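Quick look at entry-v7.txt (compact mmCIF, C-alpha atoms):
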```txt
# COMPACT_ATOMS: atom_id res chain seq x y z
CA MET A 1 100.66 100.67 72.04
CA ALA A 2 103.48 102.97 73.08
CA SER A 3 104.91 102.54 76.53
CA GLY A 4 104.28 105.17 79.17
CA GLN A 5 107.88 106.33 78.92
CA GLU A 6 107.36 107.27 75.27
CA ARG A 7 104.22 109.33 75.90
CA ALA A 8 103.78 112.83 77.20
CA THR A 9 102.32 113.19 80.70
CA LYS A 10 98.71 114.35 80.58
CA LEU A 11 97.78 114.27 84.27
CA THR A 12 99.87 114.29 87.44
CA CYS A 13 98.62 113.49 90.93
CA ARG A 14 101.31 114.63 93.36
CA ASN A 15 101.28 114.08 97.15
CA VAL A 16 97.49 114.24 97.32
CA TRP A 17 95.77 113.83 100.70
CA LYS A 18 92.09 113.74 101.57
CA VAL A 19 91.46 113.90 105.30
CA TYR A 20 87.90 113.78 106.64
CA GLY A 21 87.50 115.53 109.97
CA PRO A 22 87.61 119.06 111.41
CA GLN A 23 90.67 121.10 110.40
CA GLY A 24 92.10 118.30 108.32
CA ASP A 25 94.60 120.68 106.75
CA SER A 26 96.26 121.21 110.16
CA PHE A 27 98.38 118.10 109.54
CA PHE A 28 100.27 119.89 106.75
CA THR A 29 102.55 122.92 107.00
CA ASP A 30 101.48 124.04 103.52
CA GLY A 31 99.05 122.91 100.86
CA ASN A 32 101.42 120.95 98.63
CA GLY A 33 101.07 117.74 100.67
CA LYS A 34 104.81 117.03 100.85
CA VAL A 35 105.77 115.58 104.23
CA ASP A 36 109.00 114.02 105.47
CA ASN A 37 107.33 110.99 107.02
CA PRO A 38 103.94 110.08 105.46
CA GLN A 39 103.44 107.09 107.78
CA GLN A 40 103.86 109.32 110.81
CA VAL A 41 101.28 111.76 109.43
CA VAL A 42 98.86 108.87 108.79
CA ALA A 43 99.31 107.76 112.40
CA ARG A 44 98.59 111.27 113.66
CA ILE A 45 95.46 111.46 111.48
CA HIS A 46 94.16 108.23 113.00
CA GLU A 47 95.05 109.28 116.55
CA ALA A 48 92.99 112.45 116.06
CA GLY A 49 89.97 110.34 115.08
CA HIS A 50 90.09 111.58 111.48
CA ILE A 51 89.87 109.46 108.33
CA GLY A 52 92.68 109.46 105.80
CA ALA A 53 90.77 108.51 102.66
CA ALA A 54 93.74 109.36 100.41
CA CYS A 55 97.25 109.51 101.84
CA ASP A 56 100.23 110.92 99.93
CA VAL A 57 98.99 109.62 96.56
CA SER A 58 101.26 110.29 93.59
CA PHE A 59 101.21 109.03 89.99
CA ASP A 60 101.37 110.23 86.38
CA VAL A 61 98.89 109.37 83.63
CA HIS A 62 100.26 109.51 80.09
CA GLU A 63 98.45 110.60 76.94
CA GLY A 64 96.37 107.81 75.42
CA GLU A 65 96.91 105.52 78.42
CA ILE A 66 94.37 103.38 80.26
CA PHE A 67 95.49 103.87 83.87
CA ILE A 68 93.52 101.67 86.24
CA ILE A 69 93.29 102.33 89.97
CA MET A 70 92.07 99.34 91.91
CA GLY A 71 91.67 98.08 95.45
CA LEU A 72 89.14 96.65 97.83
CA SER A 73 86.16 98.61 99.15
CA GLY A 74 87.42 101.45 101.34
CA SER A 75 90.88 101.51 99.78
CA GLY A 76 90.45 105.10 98.57
CA LYS A 77 90.23 104.49 94.82
CA SER A 78 86.92 106.30 94.28
CA THR A 79 88.00 109.14 96.57
CA ILE A 80 91.11 109.78 94.53
CA VAL A 81 89.31 109.83 91.16
CA ARG A 82 86.86 112.37 92.59
CA CYS A 83 89.80 114.41 93.85
CA LEU A 84 91.23 114.43 90.31
CA SER A 85 88.13 116.24 89.06
CA ARG A 86 87.61 118.17 92.31
CA LEU A 87 84.20 116.62 92.86
CA VAL A 88 85.87 116.03 96.21
CA GLU A 89 88.25 118.76 97.34
CA PRO A 90 91.68 117.37 98.29
CA THR A 91 93.02 118.45 101.68
CA ALA A 92 96.55 118.89 100.31
CA GLY A 93 98.62 118.12 97.22
CA GLU A 94 98.73 119.05 93.56
CA ILE A 95 96.75 117.84 90.55
CA ILE A 96 98.33 118.97 87.29
CA LEU A 97 96.43 118.76 83.99
CA ASP A 98 98.37 119.92 80.92
CA GLY A 99 100.77 121.82 83.17
CA GLU A 100 98.05 123.62 85.16
CA ASN A 101 97.34 122.93 88.84
CA LEU A 102 93.61 122.26 89.04
CA LEU A 103 93.60 123.02 92.77
CA LYS A 104 94.57 126.62 92.02
CA VAL A 105 91.94 127.44 89.38
CA ASN A 106 88.78 129.31 90.31
CA LYS A 107 85.28 127.85 90.20
CA GLU A 108 84.44 129.26 86.76
CA LYS A 109 87.64 127.89 85.21
CA LEU A 110 87.09 124.50 86.85
CA ILE A 111 83.55 124.29 85.45
CA ASP A 112 84.89 125.13 81.99
CA ILE A 113 87.56 122.41 82.27
CA ARG A 114 85.00 119.84 83.37
CA ARG A 115 82.64 120.74 80.54
CA HIS A 116 85.23 120.72 77.77
CA LYS A 117 88.16 118.53 78.84
CA MET A 118 86.68 115.85 81.11
CA GLY A 119 84.23 113.03 80.61
CA MET A 120 82.89 111.02 83.55
CA VAL A 121 81.08 107.69 83.76
CA PHE A 122 79.89 106.24 87.06
CA GLN A 123 78.49 102.93 88.26
CA ASN A 124 74.91 104.15 88.70
CA PHE A 125 74.63 105.42 85.07
CA GLY A 126 73.04 108.71 86.20
CA LEU A 127 70.65 108.98 83.26
CA LEU A 128 67.79 111.46 83.38
CA PRO A 129 64.64 109.27 83.30
CA HIS A 130 62.40 111.86 81.63
CA LEU A 131 64.79 112.32 78.67
CA SER A 132 65.17 110.05 75.66
CA VAL A 133 68.49 108.45 74.72
CA LEU A 134 69.17 111.26 72.26
CA GLU A 135 68.30 113.93 74.82
CA ASN A 136 70.44 112.29 77.51
CA VAL A 137 73.47 112.10 75.23
CA ALA A 138 72.99 115.68 74.03
CA PHE A 139 72.43 117.07 77.53
CA PRO A 140 76.05 118.11 78.29
CA LEU A 141 76.19 119.90 74.94
CA GLN A 142 73.00 121.74 75.84
CA VAL A 143 74.65 122.82 79.10
CA GLN A 144 77.54 124.18 77.03
CA GLY A 145 75.07 126.31 75.08
CA ILE A 146 75.65 124.55 71.77
CA ASP A 147 72.86 125.03 69.24
CA ARG A 148 70.28 122.28 68.81
CA ALA A 149 71.26 121.17 65.30
CA THR A 150 74.92 120.76 66.26
CA ARG A 151 74.24 118.91 69.49
CA VAL A 152 71.74 116.54 67.86
CA LYS A 153 74.25 115.73 65.12
CA ARG A 154 77.00 115.09 67.65
CA ALA A 155 74.72 113.04 69.91
CA MET A 156 73.64 110.86 66.99
CA GLU A 157 77.29 110.23 66.11
CA MET A 158 77.96 109.07 69.67
CA ILE A 159 74.84 106.90 69.75
CA GLU A 160 76.00 105.18 66.59
CA LEU A 161 79.53 104.86 67.98
CA VAL A 162 78.31 102.87 71.00
CA GLY A 163 75.96 100.73 68.92
CA LEU A 164 72.61 102.17 69.99
CA ASP A 165 71.43 103.59 66.67
CA GLY A 166 67.72 102.93 66.37
CA ARG A 167 67.18 103.43 70.11
CA GLU A 168 67.61 107.20 70.19
CA THR A 169 63.91 107.82 70.99
CA SER A 170 63.80 105.22 73.78
CA TYR A 171 63.77 106.17 77.45
CA PRO A 172 66.12 104.71 80.09
CA ARG A 173 63.40 102.50 81.58
CA GLN A 174 63.05 100.79 78.18
CA LEU A 175 66.75 99.79 78.06
CA SER A 176 68.73 96.96 79.57
CA GLY A 177 71.50 97.68 82.06
CA GLY A 178 74.16 97.32 79.38
CA GLN A 179 72.28 99.64 77.04
CA GLN A 180 71.88 102.23 79.79
CA GLN A 181 75.62 102.15 80.44
CA ARG A 182 76.25 102.64 76.72
CA VAL A 183 74.10 105.78 76.91
CA GLY A 184 76.22 106.96 79.84
CA ILE A 185 79.38 106.34 77.84
CA ALA A 186 77.98 108.12 74.77
CA ARG A 187 76.96 111.09 76.91
CA SER A 188 80.42 111.39 78.45
CA LEU A 189 82.04 111.23 74.99
CA ALA A 190 79.73 113.83 73.44
CA VAL A 191 81.88 116.70 74.72
CA GLU A 192 84.97 115.08 73.12
CA PRO A 193 86.87 114.95 76.42
CA GLU A 194 90.64 114.84 76.55
CA LEU A 195 90.53 113.04 79.91
CA TRP A 196 88.03 110.30 80.66
CA PHE A 197 87.17 109.18 84.22
CA LEU A 198 85.30 105.90 84.71
CA ASP A 199 84.44 104.83 88.27
CA GLU A 200 83.47 101.14 88.34
CA PRO A 201 81.32 101.62 85.24
CA PHE A 202 80.57 97.93 84.69
CA SER A 203 80.34 96.57 88.25
CA ALA A 204 76.51 96.69 88.36
CA LEU A 205 76.21 94.53 85.23
CA ASP A 206 75.90 90.76 85.08
CA PRO A 207 79.08 88.87 84.00
CA LEU A 208 78.14 88.35 80.35
CA ILE A 209 77.07 91.96 79.79
CA ARG A 210 80.12 93.13 81.71
CA ARG A 211 82.42 91.21 79.37
CA GLN A 212 80.63 92.68 76.37
CA MET A 213 81.01 96.19 77.77
CA GLN A 214 84.72 95.59 78.33
CA ASP A 215 85.00 94.58 74.68
CA GLU A 216 83.10 97.71 73.70
CA PHE A 217 85.35 99.86 75.89
CA LEU A 218 88.49 98.46 74.25
CA ARG A 219 86.99 98.99 70.81
CA LEU A 220 86.20 102.62 71.61
CA GLN A 221 89.66 103.23 73.01
CA LYS A 222 91.26 101.80 69.88
CA LEU A 223 89.25 104.32 67.86
CA LEU A 224 89.49 107.35 70.14
CA HIS A 225 92.84 107.05 72.00
CA LYS A 226 91.55 108.81 75.12
CA THR A 227 93.56 109.37 78.28
CA ILE A 228 91.66 107.27 80.79
CA VAL A 229 91.57 106.84 84.56
CA PHE A 230 89.48 103.74 85.27
CA ILE A 231 88.44 102.56 88.76
CA THR A 232 87.65 98.93 89.53
CA HIS A 233 87.83 96.40 92.36
CA ASP A 234 87.97 93.51 89.88
CA PHE A 235 91.58 92.45 89.27
CA LEU A 236 90.77 90.39 86.18
CA GLU A 237 89.02 93.43 84.68
CA ALA A 238 92.09 95.52 85.45
CA LEU A 239 94.40 92.98 83.82
CA ARG A 240 92.26 92.90 80.71
CA LEU A 241 91.93 96.64 80.21
CA ALA A 242 94.96 98.35 81.73
CA ASP A 243 98.15 99.72 80.28
CA ARG A 244 99.24 100.22 83.89
CA ILE A 245 97.66 99.43 87.24
CA ALA A 246 97.88 101.29 90.55
CA ILE A 247 96.84 99.20 93.55
CA MET A 248 95.58 101.05 96.65
CA LYS A 249 95.22 99.97 100.26
CA ASP A 250 94.11 102.13 103.20
CA GLY A 251 94.27 105.29 101.10
CA ARG A 252 97.82 104.73 99.84
CA ILE A 253 99.34 103.48 96.59
CA VAL A 254 100.95 100.08 97.18
CA GLN A 255 102.26 99.35 93.68
CA ILE A 256 102.16 100.80 90.17
CA GLY A 257 103.12 98.74 87.12
CA THR A 258 102.05 97.01 83.96
CA PRO A 259 99.74 94.00 84.39
CA ALA A 260 102.73 91.67 83.88
CA GLU A 261 104.86 93.57 86.42
CA VAL A 262 102.13 93.46 89.05
CA VAL A 263 101.48 89.75 88.50
CA MET A 264 105.09 88.60 88.20
CA LYS A 265 106.63 90.91 90.83
CA PRO A 266 104.01 91.80 93.46
CA ALA A 267 105.27 94.48 95.84
CA ASP A 268 103.93 92.83 99.00
CA ALA A 269 101.61 90.16 100.37
CA TYR A 270 98.54 92.34 99.73
CA VAL A 271 99.27 92.56 96.00
CA GLU A 272 100.30 88.91 95.88
CA GLU A 273 96.90 87.93 97.26
CA PHE A 274 95.24 89.77 94.38
CA THR A 275 97.38 87.95 91.84
CA GLN A 276 97.64 84.43 93.21
CA ASP A 277 94.90 82.90 91.04
CA VAL A 278 95.77 84.71 87.81
CA PRO A 279 96.90 82.42 84.94
CA ARG A 280 100.27 83.86 83.90
CA VAL A 281 99.89 82.71 80.31
CA LYS A 282 96.97 85.14 79.97
CA VAL A 283 98.99 88.09 81.32
CA ILE A 284 102.60 87.81 80.17
CA THR A 285 102.99 89.17 76.65
CA ALA A 286 105.51 88.87 73.85
CA GLY A 287 106.62 92.42 74.63
CA ASP A 288 107.39 91.42 78.23
CA ILE A 289 109.84 88.65 77.30
CA MET A 290 111.18 89.64 73.88
CA SER A 291 114.84 90.16 73.09
CA GLN A 292 115.60 93.54 71.53
CA ALA A 293 115.55 93.74 67.76
CA GLY A 294 118.92 93.15 66.13
CA LYS A 295 119.34 91.73 62.68
CA PRO A 296 115.89 91.35 61.05
CA LEU A 297 114.55 87.81 61.07
CA GLU A 298 114.25 86.85 57.43
CA GLY A 299 110.80 85.50 56.61
CA ALA A 300 109.87 85.16 60.27
CA GLN A 301 106.29 85.12 61.41
CA SER A 302 105.33 88.06 63.58
CA VAL A 303 103.05 88.93 66.48
CA THR A 304 102.30 92.23 68.20
CA ALA A 305 103.89 93.12 71.52
CA GLN A 306 100.47 92.65 73.21
CA THR A 307 100.17 88.98 72.18
CA THR A 308 99.88 86.82 75.30
CA LEU A 309 101.84 83.63 75.88
CA GLU A 310 98.57 81.73 75.64
CA GLN A 311 98.19 83.01 72.07
CA LEU A 312 101.90 82.73 71.28
CA MET A 313 102.77 79.20 72.38
CA PRO A 314 100.80 77.31 69.69
CA ARG A 315 102.84 79.16 67.04
CA PHE A 316 106.00 77.38 68.19
CA GLY A 317 104.32 74.07 67.52
CA GLU A 318 105.01 74.81 63.85
CA GLY A 319 108.76 74.29 64.45
CA LEU A 320 109.72 77.97 64.53
CA ASN A 321 112.96 79.00 66.24
CA ALA A 322 111.91 82.62 66.74
CA ILE A 323 108.94 84.89 66.14
CA ALA A 324 109.29 88.59 65.40
CA VAL A 325 107.55 91.09 67.67
CA THR A 326 106.12 94.26 66.11
CA ASN A 327 104.72 97.55 67.38
CA GLU A 328 101.39 99.04 66.26
CA SER A 329 102.94 100.41 63.05
CA GLY A 330 104.26 96.98 62.08
CA THR A 331 107.93 97.74 62.79
CA VAL A 332 109.90 94.82 64.23
CA ILE A 333 111.02 95.75 67.75
CA GLY A 334 112.28 92.39 68.99
CA HIS A 335 111.90 88.63 68.81
CA VAL A 336 110.74 85.79 71.05
CA THR A 337 112.21 82.31 71.22
CA PRO A 338 110.76 79.10 72.71
CA GLN A 339 113.47 79.31 75.37
CA ALA A 340 112.25 82.76 76.43
CA VAL A 341 108.71 81.42 76.81
CA LEU A 342 109.88 78.46 78.89
CA SER A 343 112.01 80.72 81.08
CA ALA A 344 109.04 83.02 81.78
CA LEU A 345 106.79 80.11 82.70
CA ALA A 346 109.49 78.46 84.82
CA SER A 347 110.01 81.70 86.71
CA ALA A 348 106.30 81.99 87.40
CA HIS A 349 106.19 78.35 88.54
CA GLU A 350 109.12 78.86 90.92
CA GLU A 351 107.23 81.73 92.53
CA GLY A 352 104.34 79.34 93.22
CA SER A 353 102.09 81.01 90.67
CA ALA A 354 99.17 79.39 88.89
CA LEU A 355 99.86 78.79 85.23
```

Give the structure from the file, written as structure tokens.
Amino acid sequence: MASGQERATKLTCRNVWKVYGPQGDSFFTDGNGKVDNPQQVVARIHEAGHIGAACDVSFDVHEGEIFIIMGLSGSGKSTIVRCLSRLVEPTAGEIILDGENLLKVNKEKLIDIRRHKMGMVFQNFGLLPHLSVLENVAFPLQVQGIDRATRVKRAMEMIELVGLDGRETSYPRQLSGGQQQRVGIARSLAVEPELWFLDEPFSALDPLIRRQMQDEFLRLQKLLHKTIVFITHDFLEALRLADRIAIMKDGRIVQIGTPAEVVMKPADAYVEEFTQDVPRVKVITAGDIMSQAGKPLEGAQSVTAQTTLEQLMPRFGEGLNAIAVTNESGTVIGHVTPQAVLSALASAHEEGSAL
């Protein structure tokens, strides 16, 4: 998978604030959310008895990226994803989608963007109980005014994509929790969204079904290459799914980085607490520790950049001095040696991390 630096920016969240309380916009001289001292503004918000649900939040999401926003309950993660789609109106800041500031578009244009460019999946599924699976999945297409034959064809394609073919005439009450969430996913994909928002979509499921849905999510992303903003409070889920992770606390972004960066170099004690029980061998990848490609390794075995150390280490038991690292197209982009693996594990051990 290409790194964020190699991808175009799809979505930008810039200096976004959401203040709950009367005249929340009075804390800002203009609507762009840029302030000289954000901490001072946060203090003033609290002194006024207001709630700063999102405070000076900025990040970019790149095309085809799974960008996960996580934090504990009340950290502001769900508020910010609703601000991105303007389900919640930000108090100040800018949200740029494909070069256009969504906070400047009128209601009609916003509705059109939501219907054609955005897909949304939420924790509570939100299925219409009186509609069948097929009718639920086709519903957003009906709202768009698409003819029945076209929307049924598209809905059936999505039902098959999420593995529910044969259940299209069933009603939500006849489905398990995991099946209901698959319907929600199929419905959100029916409009072929360019940007996909998922707010804790698997948190209501039991652990086994949750793991299966994570597998399904990764399979769909491999096929569809959507730009995704995914909300979770589960750090292990974030590590498993994310290209990059943004960790929030008290409405603010604490750290943004790849799973390996967040685990190996936590920005503060709050992030370190999230990461303290994470096995590093499951997080650090060949791409994180590889040396840059020089002279091709003749006849060398190869692994992808996403191969974890847990998967990589047994390969060195075969007496190999180096293993080539490839990108998705199979091009060698570097190599990993046993010494590099040992150095990464030693570094993690010195930091007091669980291996």

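Residue nearest Val19 in chain A, chosen from A:Ile69, A:Gly251, A:Arg240, A:Glu135 and counting only C-alpha atoms: A:Gly251.
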
- Nearby residues (all atoms listed in the file) at most 8 Å from range 149-162 of chain A, same-chain spacing under 2 positions excluded, as a PyMOL selection string: chain A and resi 134+137-138+141-142+146-147+164-165+168+182-183+185-187+189-190+216+220

Now that the selection is made, can you save its residues with C-alpha atoms as a compact mmCIF listing (two decimals), in the frame of the given file?
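Output below, filename out11.txt:
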```txt
# COMPACT_ATOMS: atom_id res chain seq x y z
CA LEU A 134 69.17 111.26 72.26
CA VAL A 137 73.47 112.10 75.23
CA ALA A 138 72.99 115.68 74.03
CA LEU A 141 76.19 119.90 74.94
CA GLN A 142 73.00 121.74 75.84
CA ILE A 146 75.65 124.55 71.77
CA ASP A 147 72.86 125.03 69.24
CA LEU A 164 72.61 102.17 69.99
CA ASP A 165 71.43 103.59 66.67
CA GLU A 168 67.61 107.20 70.19
CA ARG A 182 76.25 102.64 76.72
CA VAL A 183 74.10 105.78 76.91
CA ILE A 185 79.38 106.34 77.84
CA ALA A 186 77.98 108.12 74.77
CA ARG A 187 76.96 111.09 76.91
CA LEU A 189 82.04 111.23 74.99
CA ALA A 190 79.73 113.83 73.44
CA GLU A 216 83.10 97.71 73.70
CA LEU A 220 86.20 102.62 71.61
```

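Interatomic distance, CA of Asp234 in chain A to CA of Trp196 in chain A: 19.2 Å.
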
- For range 300-303 of chain A, please output as a list of chain:residue names all residues within 10 Å (counting only C-alpha atoms; exclusion window: fewer than 3 positions along the same chain).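 In the requested format, the answer is A:Ala286, A:Gly287, A:Pro296, A:Leu297, A:Gln306, A:Thr307, A:Thr308, A:Gln311, A:Leu312, A:Arg315, A:Leu320, A:Asn321, A:Ala322, A:Ile323, A:Ala324, A:Val325, A:Thr326, A:Asn327, A:Gly330, A:Val332, A:Gly334, A:His335, A:Val336.
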
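For Glu273 in chain A, the non-local neighbours within 12 Å, defined as residues at least 5 positions apart in the same chain or in other chains and counting only C-alpha atoms, are Gly71, Leu72, Phe235, Ile247, Val262, Val263, Pro266, Ala267, Asp268, Val278 and Ser353 of chain A.
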
- Item | Selection: 7 Å around Pro201 in chain A, all atoms listed in the file, excl. self and same-chain fewer than 6 positions, as a count of residues only | 3

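The space between CA of Asp56 in chain A and CA of Met248 in chain A spans 11.4 Å.
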
Give, as AutoDock Vina command-line options, the centre coordinates and the x, y and z edge lengths in Å to one decimal for an axis-aligned box around all listed atoms of range 184-196 of chain A, padded by 5 Å on each side.
```
--center_x 83.4 --center_y 111.5 --center_z 76.9 --size_x 24.4 --size_y 20.4 --size_z 17.5
```

- What is the distance between CA of Thr285 in chain A and CA of Met213 in chain A, in Å to one decimal?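 Straight-line distance from CA of Thr285 in chain A to CA of Met213 in chain A works out to 23.1 Å.
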
- Item | For Phe139 in chain A, the nearest of the candidates A:Arg219, A:Arg115, A:Arg86, A:Lys104, counting only C-alpha atoms |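 Checking each candidate against Phe139 in chain A, we get A:Arg115 as the closest.
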
- Query: What would the list of residues within 8 Å of (86.8, 101.2, 87.8) (file frame) look like as a list in words, if only C-alpha atoms are what count?
  - Reply: Ile68, Ile69, Met70, Leu198, Asp199, Glu200, Pro201, Phe202, Ser203, Phe230, Ile231, Thr232 and His233 of chain A

File of the preceding selection, C-alpha atoms, as a PDB file, keeping the file's coordinate frame:
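part.pdb was written with the following content:
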```pdb
ATOM      1  CA  ILE A  68      93.520 101.670  86.240  1.00  0.00           C
ATOM      2  CA  ILE A  69      93.290 102.330  89.970  1.00  0.00           C
ATOM      3  CA  MET A  70      92.070  99.340  91.910  1.00  0.00           C
ATOM      4  CA  LEU A 198      85.300 105.900  84.710  1.00  0.00           C
ATOM      5  CA  ASP A 199      84.440 104.830  88.270  1.00  0.00           C
ATOM      6  CA  GLU A 200      83.470 101.140  88.340  1.00  0.00           C
ATOM      7  CA  PRO A 201      81.320 101.620  85.240  1.00  0.00           C
ATOM      8  CA  PHE A 202      80.570  97.930  84.690  1.00  0.00           C
ATOM      9  CA  SER A 203      80.340  96.570  88.250  1.00  0.00           C
ATOM     10  CA  PHE A 230      89.480 103.740  85.270  1.00  0.00           C
ATOM     11  CA  ILE A 231      88.440 102.560  88.760  1.00  0.00           C
ATOM     12  CA  THR A 232      87.650  98.930  89.530  1.00  0.00           C
ATOM     13  CA  HIS A 233      87.830  96.400  92.360  1.00  0.00           C
TER      14      HIS A 233
END
```
